[in-house]
Protein chains: 2
Amino acid sequence: MTDSCCGIVIDIVFLGTGGSIPTAGRNHPSIVVRHSGWNLMLDCGEDTQRQFEFAGLGQNKKMSIMISHMHGDHVLGLGGLLLRFSLLGRIKPLEIYGPPELIPYVKMNQATINLGTTFKTTVYGINSGILFDADNLQVRAFEVDHRGLAFGFELTYQRPTGEFNPKEARKLGVPKGPLWGKLADGKSVKLSNGKEIRPEDVTGPKPKPLKIVYSGDTRPCDSLRKTAEGATVLISEAMYTSEHLDLAEERGHMTAASAAEIAKSSGVKLLVLTHYSPRYENGEEILDEARAVFPDAILATDLMRIRLNATGESTVFHQDLQT
Amino acid sequence: MTDSCCGIVIDIVFLGTGGSIPTAGRNHPSIVVRHSGWNLMLDCGEDTQRQFEFAGLGQNKKMSIMISHMHGDHVLGLGGLLLRFSLLGRIKPLEIYGPPELIPYVKMNQATINLGTTFKTTVYGINSGILFDADNLQVRAFEVDHRGLAFGFELTYQRPTGEFNPKEARKLGVPKGPLWGKLADGKSVKLSNGKEIRPEDVTGPKPKPLKIVYSGDTRPCDSLRKTAEGATVLISEAMYTSEHLDLAEERGHMTAASAAEIAKSSGVKLLVLTHYSPRYENGEEILDEARAVFPDAILATDLMRIRLNATGESTVFHQDLQT
């Protein structure tokens, strides 16, 4: 993915889409959102390190990891991922965000199993609110209704400019090259003749921000409904069909229908269903139930990618597991 | 596998045969030795739970886990395995043996990530010596030469009787049925006419014990050499070829040649090479180097099984990954 002046801006890579128990075809939950070479990981279930490699994400990229809650299927892959990065000689620092219990958990893993990290790891215990705002991306955590402390995450990407207009740039005497990139990134440039060109001189109107919302594990709840308003993509768990509404209530999960109802009432552009129970191996029942309520729904599968362009249009790619 | 009177006695199932970093085809280290429906696990690398399922080993069997040392690639799968067993409702107790640091490691995992176990788990910190002796099987740990405290394991299986002789049993008036099984298991039986039949009346001479030795991670060392003497199967790590002898020394590993030399000098029947570096994806170089020294060597691959009969003859089966 490259954040070019007028092309693709964000990739969402589904590393694992399984339920609480993995299957042959679906690994433990983990998603990576890529933006300008920055890997933002949402949850890190067991053996995410291998899926990360299959997806070709690059072990020495800028990276932040957000853990939604401290259940094993969402966090057990952290130790192995850190170990892999060490063995491969990562040097860039790594930031991890999650419930406060994550801090002793990571420390204990580092101390006991000889991770021998080659890079600095910082773990932040979080509350609801903005976690960081950098490189045109704001990440916010919001508390959801699962079992124990659990969060969802909202990623909002505001492009610094609208579409770059090469014709206009040439007309104003800006030579093709690095200056074009700077202008497209929202920075003014000075030409050799001293003339200053501002981004708004050569770019169109700013597009609507892109918003990706990840539910984490939750029952239907107001915080998710509110955060999902106008989302470009809502990635929602959908553990059960409505046939098992009682189980969903009891265990703190969503049904496909409730995820779809939230997507519909919140005016979401695309709903992606993930973390569905192994009883729905190929997920057909989950997808059918959701689409009956909200047609713009798709089912996440392992190593599937959703590529979003600047205007929030999505393209879906599937990658076979390398064997 | 059934421990019948005259058939197969032990299955060795290779769940993961990867190096420190898994590849598409080779998972993190873990081996299960099955004997009379008892699963004895040697190491438990990340995502062993999934390989365990692929191998169809059964989550509610009698089970003991031995951890050779506290490096992530040998222990990171424990949390997930315990979680899976809980989710699937295991009720049988589970015993785990390993270096003393394993005790706080398992406790912390249980406490932090909500394993909610449905069964009793006991963790034993070990030293060199016999760990247990039950059901005709003795398991012994021996210290090896890696980095930090590390063990190998010796499993010695002594059949209670020799081959069962149905003709002789019939001649002595023992009806075909449960009594045959008891006699083959080394127990005397009483017939309806009051006559006592002893196992030695209807079975041949006891075979030589079967001995399976697992190196764990180690440089070539005397304790391994001594333990391997007369082994039916030596399962040895073989991280490198001799080209990387310096790396092997530095990192505390074996070369294929050193594993083969130990097998040769110790009079091993079959050498199985595992835990080889991802640089040898299909392991050809590893196997070639070992066979030049010791021809009765094979390469472990994921989900491969070695079935041993009572006289230590082995048959190898390969299972494709279910996808």
# chains A, B, ... in the order shown; residues from 1 in each chain; ligands from 1

call {"tool": "interface_residues", "arguments": {"of": "chain B", "to": "chain A", "cutoff": "8 Å", "atoms": "only C-alpha atoms", "output": "PyMOL selection string"}}
result
chain B and resi 21-25+46-47+50+54+70-73+75-77+79-80+83-84+87+101+105+108-109+112-115+322-323

call {"tool": "write_last_selection", "arguments": {"atoms": "N, CA and C atoms", "output": "PDB file, in the first residue's frame"}}
result
ATOM      1  N   ILE B  21      11.673 -20.118  14.419  1.00  0.00           N
ATOM      2  CA  ILE B  21      10.653 -19.357  13.698  1.00  0.00           C
ATOM      3  C   ILE B  21       9.869 -20.332  12.832  1.00  0.00           C
ATOM      4  N   PRO B  22       8.553 -20.336  12.954  1.00  0.00           N
ATOM      5  CA  PRO B  22       7.779 -21.298  12.164  1.00  0.00           C
ATOM      6  C   PRO B  22       7.733 -20.884  10.693  1.00  0.00           C
ATOM      7  N   THR B  23       7.415 -21.820   9.837  1.00  0.00           N
ATOM      8  CA  THR B  23       7.246 -21.524   8.412  1.00  0.00           C
ATOM      9  C   THR B  23       5.843 -21.981   8.010  1.00  0.00           C
ATOM     10  N   ALA B  24       5.523 -21.815   6.732  1.00  0.00           N
ATOM     11  CA  ALA B  24       4.201 -22.236   6.264  1.00  0.00           C
ATOM     12  C   ALA B  24       3.977 -23.720   6.520  1.00  0.00           C
ATOM     13  N   GLY B  25       5.014 -24.512   6.365  1.00  0.00           N
ATOM     14  CA  GLY B  25       4.851 -25.958   6.470  1.00  0.00           C
ATOM     15  C   GLY B  25       5.247 -26.558   7.809  1.00  0.00           C
ATOM     16  N   GLU B  46       3.974 -22.403  20.234  1.00  0.00           N
ATOM     17  CA  GLU B  46       2.768 -21.647  19.911  1.00  0.00           C
ATOM     18  C   GLU B  46       1.869 -22.413  18.929  1.00  0.00           C
ATOM     19  N   ASP B  47       0.586 -22.297  19.156  1.00  0.00           N
ATOM     20  CA  ASP B  47      -0.452 -22.885  18.301  1.00  0.00           C
ATOM     21  C   ASP B  47      -0.376 -24.407  18.213  1.00  0.00           C
ATOM     22  N   ARG B  50      -3.771 -26.153  17.699  1.00  0.00           N
ATOM     23  CA  ARG B  50      -4.376 -26.415  16.393  1.00  0.00           C
ATOM     24  C   ARG B  50      -3.809 -27.699  15.787  1.00  0.00           C
ATOM     25  N   PHE B  54      -5.622 -31.136  14.561  1.00  0.00           N
ATOM     26  CA  PHE B  54      -5.409 -31.741  13.242  1.00  0.00           C
ATOM     27  C   PHE B  54      -5.008 -33.213  13.385  1.00  0.00           C
ATOM     28  N   MET B  70      12.620 -23.007  29.029  1.00  0.00           N
ATOM     29  CA  MET B  70      11.690 -21.880  28.994  1.00  0.00           C
ATOM     30  C   MET B  70      11.962 -20.913  27.840  1.00  0.00           C
ATOM     31  N   HIS B  71      12.294 -21.402  26.682  1.00  0.00           N
ATOM     32  CA  HIS B  71      12.367 -20.508  25.529  1.00  0.00           C
ATOM     33  C   HIS B  71      10.995 -20.509  24.842  1.00  0.00           C
ATOM     34  N   GLY B  72      10.632 -19.304  24.344  1.00  0.00           N
ATOM     35  CA  GLY B  72       9.286 -19.117  23.823  1.00  0.00           C
ATOM     36  C   GLY B  72       8.831 -20.168  22.833  1.00  0.00           C
ATOM     37  N   ASP B  73       9.724 -20.578  21.940  1.00  0.00           N
ATOM     38  CA  ASP B  73       9.299 -21.513  20.895  1.00  0.00           C
ATOM     39  C   ASP B  73       8.957 -22.902  21.445  1.00  0.00           C
ATOM     40  N   VAL B  75       7.351 -23.213  24.644  1.00  0.00           N
ATOM     41  CA  VAL B  75       6.389 -23.117  25.749  1.00  0.00           C
ATOM     42  C   VAL B  75       5.195 -22.193  25.470  1.00  0.00           C
ATOM     43  N   LEU B  76       5.286 -21.389  24.407  1.00  0.00           N
ATOM     44  CA  LEU B  76       4.250 -20.369  24.207  1.00  0.00           C
ATOM     45  C   LEU B  76       2.869 -20.928  23.868  1.00  0.00           C
ATOM     46  N   GLY B  77       2.790 -22.201  23.539  1.00  0.00           N
ATOM     47  CA  GLY B  77       1.488 -22.772  23.203  1.00  0.00           C
ATOM     48  C   GLY B  77       0.689 -23.275  24.395  1.00  0.00           C
ATOM     49  N   GLY B  79      -0.647 -21.774  27.086  1.00  0.00           N
ATOM     50  CA  GLY B  79      -1.850 -21.007  27.428  1.00  0.00           C
ATOM     51  C   GLY B  79      -3.005 -21.348  26.503  1.00  0.00           C
ATOM     52  N   GLY B  80      -2.728 -21.387  25.218  1.00  0.00           N
ATOM     53  CA  GLY B  80      -3.777 -21.682  24.233  1.00  0.00           C
ATOM     54  C   GLY B  80      -4.307 -23.102  24.366  1.00  0.00           C
ATOM     55  N   LEU B  83      -6.542 -23.162  27.320  1.00  0.00           N
ATOM     56  CA  LEU B  83      -7.775 -22.450  26.974  1.00  0.00           C
ATOM     57  C   LEU B  83      -8.685 -23.333  26.123  1.00  0.00           C
ATOM     58  N   ARG B  84      -8.112 -23.964  25.126  1.00  0.00           N
ATOM     59  CA  ARG B  84      -8.903 -24.841  24.255  1.00  0.00           C
ATOM     60  C   ARG B  84      -9.545 -25.973  25.057  1.00  0.00           C
ATOM     61  N   LEU B  87     -12.464 -24.615  26.941  1.00  0.00           N
ATOM     62  CA  LEU B  87     -13.603 -24.308  26.080  1.00  0.00           C
ATOM     63  C   LEU B  87     -14.305 -25.583  25.621  1.00  0.00           C
ATOM     64  N   GLU B 101      10.751 -22.197  36.642  1.00  0.00           N
ATOM     65  CA  GLU B 101      10.107 -20.948  36.172  1.00  0.00           C
ATOM     66  C   GLU B 101       8.758 -21.209  35.500  1.00  0.00           C
ATOM     67  N   TYR B 105       4.928 -19.006  35.467  1.00  0.00           N
ATOM     68  CA  TYR B 105       4.495 -18.711  34.102  1.00  0.00           C
ATOM     69  C   TYR B 105       3.070 -19.217  33.857  1.00  0.00           C
ATOM     70  N   MET B 108       0.522 -17.245  36.065  1.00  0.00           N
ATOM     71  CA  MET B 108       0.239 -15.918  35.549  1.00  0.00           C
ATOM     72  C   MET B 108      -0.693 -16.001  34.348  1.00  0.00           C
ATOM     73  N   ASN B 109      -0.460 -16.948  33.479  1.00  0.00           N
ATOM     74  CA  ASN B 109      -1.351 -17.115  32.325  1.00  0.00           C
ATOM     75  C   ASN B 109      -2.771 -17.431  32.782  1.00  0.00           C
ATOM     76  N   THR B 112      -4.210 -14.062  34.396  1.00  0.00           N
ATOM     77  CA  THR B 112      -4.378 -12.842  33.592  1.00  0.00           C
ATOM     78  C   THR B 112      -5.331 -13.002  32.430  1.00  0.00           C
ATOM     79  N   ILE B 113      -5.284 -14.132  31.762  1.00  0.00           N
ATOM     80  CA  ILE B 113      -6.050 -14.179  30.516  1.00  0.00           C
ATOM     81  C   ILE B 113      -7.260 -15.082  30.607  1.00  0.00           C
ATOM     82  N   ASN B 114      -7.771 -15.207  31.843  1.00  0.00           N
ATOM     83  CA  ASN B 114      -9.107 -15.768  31.997  1.00  0.00           C
ATOM     84  C   ASN B 114      -9.236 -17.152  31.370  1.00  0.00           C
ATOM     85  N   LEU B 115      -8.306 -18.050  31.721  1.00  0.00           N
ATOM     86  CA  LEU B 115      -8.384 -19.384  31.129  1.00  0.00           C
ATOM     87  C   LEU B 115      -9.619 -20.143  31.627  1.00  0.00           C
ATOM     88  N   GLN B 322      -5.001 -30.718   7.254  1.00  0.00           N
ATOM     89  CA  GLN B 322      -6.392 -30.526   6.846  1.00  0.00           C
ATOM     90  C   GLN B 322      -6.612 -29.059   6.504  1.00  0.00           C
ATOM     91  N   THR B 323      -7.156 -28.822   5.363  1.00  0.00           N
ATOM     92  CA  THR B 323      -7.456 -27.413   5.048  1.00  0.00           C
ATOM     93  C   THR B 323      -8.882 -27.299   4.559  1.00  0.00           C
TER      94      THR B 323
END

call {"tool": "residues_around", "arguments": {"residues": "Val293 in chain B", "least_positions_apart": "6", "cutoff": "9 Å", "atoms": "only C-alpha atoms", "output": "JSON, numbers by chain"}}
result
{"B": [257, 260, 261, 264]}

call {"tool": "write_last_selection", "arguments": {"atoms": "N, CA, C and O atoms", "output": "PDB file, in the first residue's frame"}}
result
ATOM      1  N   ALA B 257      25.189 -33.539  11.687  1.00  0.00           N
ATOM      2  CA  ALA B 257      26.299 -34.489  11.829  1.00  0.00           C
ATOM      3  C   ALA B 257      26.501 -34.878  13.288  1.00  0.00           C
ATOM      4  O   ALA B 257      26.719 -36.052  13.606  1.00  0.00           O
ATOM      5  N   ALA B 260      23.877 -37.285  14.366  1.00  0.00           N
ATOM      6  CA  ALA B 260      24.116 -38.603  13.758  1.00  0.00           C
ATOM      7  C   ALA B 260      25.272 -39.323  14.445  1.00  0.00           C
ATOM      8  O   ALA B 260      25.240 -40.541  14.634  1.00  0.00           O
ATOM      9  N   GLU B 261      26.293 -38.566  14.823  1.00  0.00           N
ATOM     10  CA  GLU B 261      27.429 -39.187  15.522  1.00  0.00           C
ATOM     11  C   GLU B 261      26.994 -39.764  16.871  1.00  0.00           C
ATOM     12  O   GLU B 261      27.417 -40.853  17.258  1.00  0.00           O
ATOM     13  N   LYS B 264      25.058 -42.914  16.236  1.00  0.00           N
ATOM     14  CA  LYS B 264      25.957 -44.007  15.843  1.00  0.00           C
ATOM     15  C   LYS B 264      26.697 -44.562  17.064  1.00  0.00           C
ATOM     16  O   LYS B 264      26.689 -45.771  17.321  1.00  0.00           O
TER      17      LYS B 264
END

call {"tool": "select_by_dssp", "arguments": {"residues": "range 237-273 of chain B", "states": "alpha helix (DSSP H)", "output": "PyMOL selection string"}}
result
chain B and resi 245-251+256-265

call {"tool": "select_by_dssp", "arguments": {"residues": "range 30-277 of chain A", "states": "strand (DSSP E or B)", "output": "number ranges by chain"}}
result
A: 30-35, 38-42, 62-66, 69, 94-98, 121-125, 129-134, 137-143, 150-157, 164, 189-190, 196-197, 203, 210-214, 233-237, 240, 255, 270-274

call {"tool": "closest_residue", "arguments": {"among": "A:Ala55, A:Cys44, A:Ile130, A:Ile212", "to": "Val13 in chain A", "atoms": "only C-alpha atoms"}}
result
A:Ala55

call {"tool": "residues_around", "arguments": {"residues": "range 231-238 of chain B", "least_positions_apart": "3", "cutoff": "7 Å", "atoms": "only C-alpha atoms", "output": "PyMOL selection string"}}
result
chain B and resi 210-217+228+254-256+259+268-276+312

call {"tool": "residues_around", "arguments": {"residues": "Ser64 in chain B", "least_positions_apart": "6", "cutoff": "7 Å", "atoms": "only C-alpha atoms", "output": "JSON, numbers by chain"}}
result
{"B": [39, 40, 41, 94, 95, 96]}

call {"tool": "atom_distance", "arguments": {"atom1": "CA of Gly125 in chain A", "atom2": "CA of Gly19 in chain A"}}
result
25.2 Å

call {"tool": "closest_residue", "arguments": {"among": "A:Thr241, A:Asp135, A:Val316, A:Leu172", "to": "Asn193 in chain A", "atoms": "only C-alpha atoms"}}
result
A:Leu172

call {"tool": "residues_around", "arguments": {"residues": "Gly267 in chain A", "least_positions_apart": "2", "cutoff": "6 Å", "atoms": "only C-alpha atoms", "output": "list of chain:residue names"}}
result
A:Glu229, A:Gly230, A:Lys264, A:Ser265

call {"tool": "atom_distance", "arguments": {"atom1": "CA of Leu191 in chain A", "atom2": "CA of Asn136 in chain A"}}
result
25.6 Å

call {"tool": "atom_distance", "arguments": {"atom1": "CA of Gly204 in chain B", "atom2": "CA of Thr161 in chain B"}}
result
7.3 Å
